[in-house]
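Source file: protein21.tsv (TSV, C-alpha atoms)
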chain	number	residue	atom	x	y	z
A	1	MET	CA	112.79	137.05	48.74
A	2	ALA	CA	113.19	133.67	50.46
A	3	GLU	CA	111.27	132.08	47.58
A	4	ASP	CA	113.77	133.56	45.11
A	5	ARG	CA	116.69	132.22	47.17
A	6	LEU	CA	115.28	128.69	47.13
A	7	SER	CA	114.75	128.81	43.37
A	8	ALA	CA	118.28	130.14	42.86
A	9	PHE	CA	119.72	127.49	45.16
A	10	GLU	CA	117.89	124.75	43.25
A	11	ALA	CA	119.34	126.06	39.99
A	12	ALA	CA	122.84	126.22	41.48
A	13	ILE	CA	122.88	122.57	42.62
A	14	SER	CA	120.96	121.07	39.69
A	15	HIS	CA	124.19	120.02	37.96
A	16	LEU	CA	125.76	118.53	41.11
A	17	GLU	CA	125.60	114.88	42.16
A	18	LEU	CA	124.58	115.37	45.79
A	19	THR	CA	122.91	113.02	48.22
A	20	GLU	CA	119.70	114.04	49.98
A	21	GLY	CA	121.65	114.54	53.21
A	22	GLU	CA	124.21	116.79	51.53
A	23	ILE	CA	121.47	118.93	50.00
A	24	TYR	CA	119.78	119.37	53.38
A	25	ASP	CA	123.09	120.24	55.06
A	26	MET	CA	123.77	122.91	52.44
A	27	MET	CA	120.25	124.32	52.80
A	28	ARG	CA	120.45	124.32	56.59
A	29	ARG	CA	123.69	126.32	56.53
A	30	ARG	CA	122.08	128.82	54.16
A	31	GLY	CA	118.88	129.08	56.24
A	32	GLU	CA	116.69	127.96	53.32
A	33	ASN	CA	112.91	127.87	53.84
A	34	PHE	CA	112.75	124.40	52.31
A	35	VAL	CA	114.34	122.83	55.41
A	36	LYS	CA	111.77	124.47	57.67
A	37	LEU	CA	108.95	123.41	55.35
A	38	MET	CA	110.09	119.78	55.43
A	39	ALA	CA	110.12	119.96	59.24
A	40	TYR	CA	106.48	121.10	59.12
A	41	TYR	CA	105.62	118.14	56.90
A	42	ARG	CA	107.33	115.75	59.33
A	43	CYS	CA	105.26	117.25	62.15
A	44	ALA	CA	102.09	116.73	60.08
A	45	MET	CA	103.01	113.07	59.51
A	46	MET	CA	103.54	112.61	63.25
A	47	GLU	CA	100.16	114.23	63.94
A	48	VAL	CA	98.33	111.95	61.52
A	49	GLU	CA	100.17	108.83	62.71
A	50	THR	CA	99.22	109.64	66.30
A	51	LYS	CA	95.58	109.96	65.29
A	52	PHE	CA	95.64	106.49	63.70
A	53	ASN	CA	97.45	105.00	66.69
A	54	VAL	CA	94.75	106.41	68.98
A	55	LEU	CA	92.03	104.90	66.77
A	56	ASN	CA	93.86	101.59	66.77
A	57	GLU	CA	93.98	101.60	70.57
A	58	GLU	CA	90.28	102.47	70.84
A	59	PHE	CA	89.18	99.78	68.39
A	60	SER	CA	91.44	97.18	70.01
A	61	ILE	CA	89.48	97.68	73.23
A	62	ARG	CA	86.09	97.76	71.51
A	63	TYR	CA	86.60	94.78	69.20
A	64	ASP	CA	89.39	92.92	71.02
A	65	ARG	CA	91.64	93.12	67.97
A	66	ASN	CA	93.75	95.72	66.18
A	67	PRO	CA	92.50	97.09	62.83
A	68	ILE	CA	96.03	98.38	62.05
A	69	ASN	CA	98.87	95.99	61.32
A	70	SER	CA	101.50	98.68	60.69
A	71	ILE	CA	102.01	102.31	59.69
A	72	LYS	CA	104.75	103.47	57.34
A	73	SER	CA	105.65	107.10	56.73
A	74	ARG	CA	107.80	108.78	54.11
A	75	LEU	CA	108.82	112.29	53.14
A	76	LYS	CA	109.29	113.01	49.44
A	77	THR	CA	112.92	113.72	48.52
A	78	PHE	CA	114.19	117.05	47.23
A	79	HIS	CA	114.87	115.49	43.81
A	80	SER	CA	111.42	113.90	43.62
A	81	ILE	CA	109.70	117.18	44.53
A	82	ARG	CA	111.79	119.05	41.96
A	83	GLU	CA	110.89	116.54	39.23
A	84	LYS	CA	107.19	116.83	40.03
A	85	LEU	CA	107.26	120.64	39.86
A	86	THR	CA	109.32	120.52	36.66
A	87	ARG	CA	106.66	118.33	35.01
A	88	LYS	CA	104.13	121.00	35.94
A	89	GLY	CA	106.34	123.75	34.53
A	90	LEU	CA	106.87	125.36	37.93
A	91	PRO	CA	110.07	126.63	39.60
A	92	MET	CA	111.28	125.09	42.86
A	93	THR	CA	109.93	127.43	45.54
A	94	ALA	CA	108.54	126.69	48.99
A	95	ARG	CA	105.20	128.21	47.97
A	96	ASN	CA	104.96	126.03	44.86
A	97	VAL	CA	105.75	122.96	46.95
A	98	GLU	CA	102.92	123.72	49.39
A	99	GLU	CA	100.39	124.71	46.74
A	100	ASN	CA	101.14	122.21	43.98
A	101	VAL	CA	102.56	119.03	45.54
A	102	SER	CA	99.97	117.29	47.70
A	103	ASP	CA	101.96	114.16	48.54
A	104	VAL	CA	105.16	115.56	50.08
A	105	ALA	CA	104.23	113.91	53.37
A	106	GLY	CA	102.80	110.41	53.09
A	107	LEU	CA	101.55	107.64	55.36
A	108	ARG	CA	100.62	104.10	54.49
A	109	VAL	CA	98.25	102.39	56.92
A	110	ILE	CA	98.27	98.60	56.57
A	111	CYS	CA	95.19	96.74	57.84
A	112	PRO	CA	94.42	93.03	58.27
A	113	PHE	CA	91.02	93.15	56.52
A	114	THR	CA	89.27	95.28	53.90
A	115	GLU	CA	86.53	96.31	56.33
A	116	ASP	CA	89.24	97.70	58.62
A	117	VAL	CA	90.28	100.06	55.82
A	118	TYR	CA	86.79	101.55	55.66
A	119	LEU	CA	86.34	101.51	59.45
A	120	LEU	CA	89.49	103.59	59.92
A	121	THR	CA	88.81	105.85	56.95
A	122	GLU	CA	85.40	106.82	58.28
A	123	ALA	CA	86.59	107.32	61.86
A	124	PHE	CA	89.58	109.40	60.77
A	125	LEU	CA	87.61	111.66	58.43
A	126	ASN	CA	84.98	112.25	61.11
A	127	GLN	CA	87.53	114.08	63.26
A	128	ASP	CA	86.67	117.79	63.24
A	129	ASP	CA	90.22	119.04	62.66
A	130	ILE	CA	90.70	116.95	59.52
A	131	LYS	CA	89.73	118.45	56.17
A	132	LEU	CA	89.37	116.05	53.26
A	133	ILE	CA	90.79	117.49	50.03
A	134	ARG	CA	90.49	114.44	47.80
A	135	MET	CA	89.60	110.75	48.13
A	136	LYS	CA	90.12	107.96	45.58
A	137	ASP	CA	88.82	104.48	46.30
A	138	TYR	CA	90.93	102.07	44.27
A	139	ILE	CA	89.45	99.12	46.16
A	140	LYS	CA	85.97	99.61	44.72
A	141	GLU	CA	87.44	100.75	41.40
A	142	PRO	CA	90.93	99.22	41.00
A	143	LYS	CA	93.48	100.69	38.61
A	144	ASP	CA	94.00	98.94	35.27
A	145	ASN	CA	97.04	97.09	36.61
A	146	GLY	CA	95.03	95.72	39.55
A	147	TYR	CA	96.25	98.20	42.17
A	148	ARG	CA	93.95	98.53	45.20
A	149	SER	CA	94.04	101.04	48.07
A	150	VAL	CA	92.08	103.95	49.46
A	151	HIS	CA	93.92	107.24	48.91
A	152	LEU	CA	93.21	110.37	50.94
A	153	ILE	CA	94.65	113.86	50.66
A	154	VAL	CA	93.86	115.72	53.86
A	155	GLU	CA	94.78	118.95	55.60
A	156	VAL	CA	95.76	118.67	59.25
A	157	PRO	CA	96.77	121.46	61.66
A	158	ILE	CA	100.09	121.37	63.48
A	159	PHE	CA	100.61	123.55	66.54
A	160	LEU	CA	104.03	125.19	66.83
A	161	ALA	CA	105.41	127.39	69.61
A	162	LYS	CA	104.02	130.61	68.13
A	163	GLU	CA	101.77	129.61	65.26
A	164	LYS	CA	99.41	127.05	63.79
A	165	ARG	CA	100.12	125.66	60.34
A	166	VAL	CA	97.78	123.63	58.15
A	167	MET	CA	99.66	120.99	56.14
A	168	LYS	CA	98.66	118.48	53.47
A	169	VAL	CA	99.28	114.77	53.99
A	170	GLU	CA	98.63	111.86	51.65
A	171	ILE	CA	97.32	108.69	53.31
A	172	GLN	CA	97.08	105.28	51.68
A	173	LEU	CA	95.01	102.62	53.45
A	174	ARG	CA	95.26	99.04	52.26
A	175	THR	CA	95.23	95.46	53.48
A	176	ILE	CA	98.28	93.28	54.10
A	177	ALA	CA	97.51	91.39	50.87
A	178	MET	CA	97.14	94.62	48.86
A	179	ASP	CA	100.41	95.94	50.25
A	180	CYS	CA	102.26	92.72	49.50
A	181	TRP	CA	101.05	92.78	45.88
A	182	ALA	CA	101.84	96.50	45.45
A	183	CYS	CA	105.39	96.14	46.81
A	184	LEU	CA	106.15	93.15	44.59
A	185	GLU	CA	104.54	94.78	41.53
A	186	HIS	CA	106.70	97.87	42.00
A	187	GLU	CA	109.81	95.73	42.44
A	188	LEU	CA	109.11	93.87	39.19
A	189	ARG	CA	107.77	96.66	37.00
A	190	TYR	CA	110.40	99.31	37.60
A	191	LYS	CA	113.62	97.37	37.04
A	192	LYS	CA	116.06	99.66	35.22
A	193	GLY	CA	116.77	98.75	31.63
A	194	PHE	CA	113.98	96.18	31.39
A	195	ALA	CA	110.86	96.49	29.23
A	196	PHE	CA	107.71	95.18	30.92
A	197	SER	CA	105.74	93.13	28.40
A	198	GLU	CA	101.96	92.95	27.98
A	199	GLU	CA	102.05	89.28	28.97
A	200	MET	CA	103.83	90.16	32.21
A	201	ALA	CA	101.31	92.93	32.85
A	202	ARG	CA	98.46	90.41	32.48
A	203	GLU	CA	100.21	88.07	34.90
A	204	ILE	CA	100.58	90.90	37.42
A	205	ASN	CA	96.89	91.72	37.03
A	206	GLU	CA	95.92	88.10	37.64
A	207	CYS	CA	98.02	88.13	40.79
A	208	ALA	CA	96.11	91.23	41.90
A	209	GLU	CA	92.85	89.33	41.45
A	210	LEU	CA	94.21	86.44	43.52
A	211	SER	CA	95.21	88.91	46.21
A	212	ALA	CA	91.71	90.44	46.19
A	213	ASP	CA	90.21	86.95	46.45
A	214	ILE	CA	92.36	86.27	49.52
A	215	ASP	CA	91.00	89.45	51.11
A	216	ARG	CA	87.40	88.44	50.34
A	217	ARG	CA	87.80	84.90	51.68
A	218	MET	CA	89.70	85.96	54.80
A	219	GLY	CA	87.08	88.64	55.41
A	220	ASP	CA	84.31	86.05	55.15
A	221	LEU	CA	86.12	83.80	57.62
A	222	ARG	CA	86.63	86.68	60.06
A	223	ARG	CA	82.94	87.62	59.92
A	224	TYR	CA	81.89	83.98	60.40
A	225	ILE	CA	84.12	83.63	63.47
A	226	ALA	CA	82.83	86.94	64.84
A	227	GLU	CA	79.20	85.80	64.38
A	228	GLN	CA	79.91	82.50	66.12
A	229	ASN	CA	81.41	84.41	69.05
A	230	GLY	CA	78.47	86.84	69.18
A	231	GLU	CA	80.65	89.79	68.27
A	232	THR	CA	79.31	92.92	66.57
A	233	ASN	CA	80.82	96.04	65.04
A	234	GLU	CA	78.46	98.32	66.90
Could I get this file's structure written as structure tokens?
Amino acid sequence: MAEDRLSAFEAAISHLELTEGEIYDMMRRRGENFVKLMAYYRCAMMEVETKFNVLNEEFSIRYDRNPINSIKSRLKTFHSIREKLTRKGLPMTARNVEENVSDVAGLRVICPFTEDVYLLTEAFLNQDDIKLIRMKDYIKEPKDNGYRSVHLIVEVPIFLAKEKRVMKVEIQLRTIAMDCWACLEHELRYKKGFAFSEEMAREINECAELSADIDRRMGDLRRYIAEQNGETNE
């Protein structure tokens, strides 16, 4: 019944120009399941972020440096979720969101060096309450446009007052250089009313290669300095 209410609510507001905050306020007053579901996703993001912060603290003691530069989190908007389900030919229900949209909750972990990406990925996935659903390594096999990152879809448990829920979270791990390129590429490519030419796409791809070269050279320098100081990654 609650699923039907959410679908009916989505249909009722589809013609209205409402902000995300206004939609949530309306749903909250109506007691819609979507609001509760989004709260669960926020809890899952907090759980995953805490796990990475703990790893960062541990590795900072072990290696005398932090393998995480920053962590960014985001929750997909109501409109974005609706568009994704529409493309799949599915109505907007809480069940369809959980079962068919794997990136509602997302974290981006930014690392100084490429080896930090793999160090954190392995340590995180080795935790016994994390279930890996899907992994794509766009560092070893970049996208055609030059995009590089490691993408994970995982399930993580959240513990509520009277129940345990298992939620999906998307995690992107990339270096500072990869993140800089990706942010600028997105800013350039998705300007409204502007057609991105093949020549511009080639230029963007060349910039991606320059960014990857920076990562390789900086990584070599870091390893050289570590060797000179007698440091190991054991």
Residues of region 101-146 of chain A that approach region 39-52 of chain A to 10 Å or less, counting all atoms listed in the file: could you list each one with the shortest pair of atoms and its distance in Å to one decimal, rows by chain and increasing residue number, as JSON lines?
{"residue": "A:Asp103", "atom": "CA", "partner": "A:Tyr41", "partner_atom": "CA", "distance": 10.0}
{"residue": "A:Val104", "atom": "CA", "partner": "A:Tyr41", "partner_atom": "CA", "distance": 7.3}
{"residue": "A:Ala105", "atom": "CA", "partner": "A:Tyr41", "partner_atom": "CA", "distance": 5.7}
{"residue": "A:Gly106", "atom": "CA", "partner": "A:Met45", "partner_atom": "CA", "distance": 7.0}
{"residue": "A:Leu107", "atom": "CA", "partner": "A:Met45", "partner_atom": "CA", "distance": 7.0}
{"residue": "A:Arg108", "atom": "CA", "partner": "A:Glu49", "partner_atom": "CA", "distance": 9.5}
{"residue": "A:Val109", "atom": "CA", "partner": "A:Phe52", "partner_atom": "CA", "distance": 8.3}
{"residue": "A:Leu120", "atom": "CA", "partner": "A:Phe52", "partner_atom": "CA", "distance": 7.8}
{"residue": "A:Thr121", "atom": "CA", "partner": "A:Phe52", "partner_atom": "CA", "distance": 9.6}
{"residue": "A:Ala123", "atom": "CA", "partner": "A:Phe52", "partner_atom": "CA", "distance": 9.3}
{"residue": "A:Phe124", "atom": "CA", "partner": "A:Phe52", "partner_atom": "CA", "distance": 7.3}
{"residue": "A:Gln127", "atom": "CA", "partner": "A:Lys51", "partner_atom": "CA", "distance": 9.3}
{"residue": "A:Ile130", "atom": "CA", "partner": "A:Val48", "partner_atom": "CA", "distance": 9.3}
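Computed from the coordinates, the CA of Asn126 (chain A) to CA of Ile214 (chain A) distance equals 29.4 Å.
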| task | For Lys131 (chain A), work out the shell of residues within 8 Å, counting all atoms listed in the file and skipping chain neighbours fewer than 4 positions away, then give it as number ranges by chain. | result | A: 125, 154-156
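Taking CA of Tyr63 (chain A) and CA of Glu231 (chain A) as the two end points, the separation is 7.8 Å.
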Proximity check region 59-124 of chain A to region 173-186 of chain A, 6 Å, nearest pairs one decimal Å, all atoms listed in the file, as a tab-separated table:
residue	atom	partner	partner_atom	distance
A:Arg108	CA	A:Leu173	CA	5.9
A:Val109	CA	A:Leu173	CA	4.8
A:Ile110	CA	A:Arg174	CA	5.3
A:Cys111	CA	A:Thr175	CA	4.5
A:Pro112	CA	A:Thr175	CA	5.4
A:Phe113	CA	A:Thr175	CA	5.7
A:Thr114	CA	A:Thr175	CA	6.0
A:Val117	CA	A:Leu173	CA	5.9
Can you write just those residues out, C-alpha atoms, as a tab-separated table (two decimals), in the coordinates of the input?
chain	number	residue	atom	x	y	z
A	108	ARG	CA	100.62	104.10	54.49
A	109	VAL	CA	98.25	102.39	56.92
A	110	ILE	CA	98.27	98.60	56.57
A	111	CYS	CA	95.19	96.74	57.84
A	112	PRO	CA	94.42	93.03	58.27
A	113	PHE	CA	91.02	93.15	56.52
A	114	THR	CA	89.27	95.28	53.90
A	117	VAL	CA	90.28	100.06	55.82
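Minimum atom-to-atom distances from A:Lys164, A:Glu83, A:Asp116, A:Ile158 to Arg65 (chain A) were compared using only C-alpha atoms, and the lowest value belongs to A:Asp116.
Minimum atom-to-atom distances from A:Lys88, A:Met135, A:Ile81, A:Arg216 to Glu115 (chain A) were compared using all atoms listed in the file, and the lowest value belongs to A:Arg216.
Taking CA of Cys207 (chain A) as the reference point, CA of Ala226 (chain A) is found at 28.5 Å.
Non-sequential neighbours of region 201-206 of chain A (distance at most 9 Å, separation of 3 or more positions within a chain, all atoms listed in the file) are Asp144, Asn145, Gly146, Tyr147, Trp181, Glu185, Arg189, Phe196, Ser197, Glu198, Glu209, Leu210 and Ser211 of chain A.
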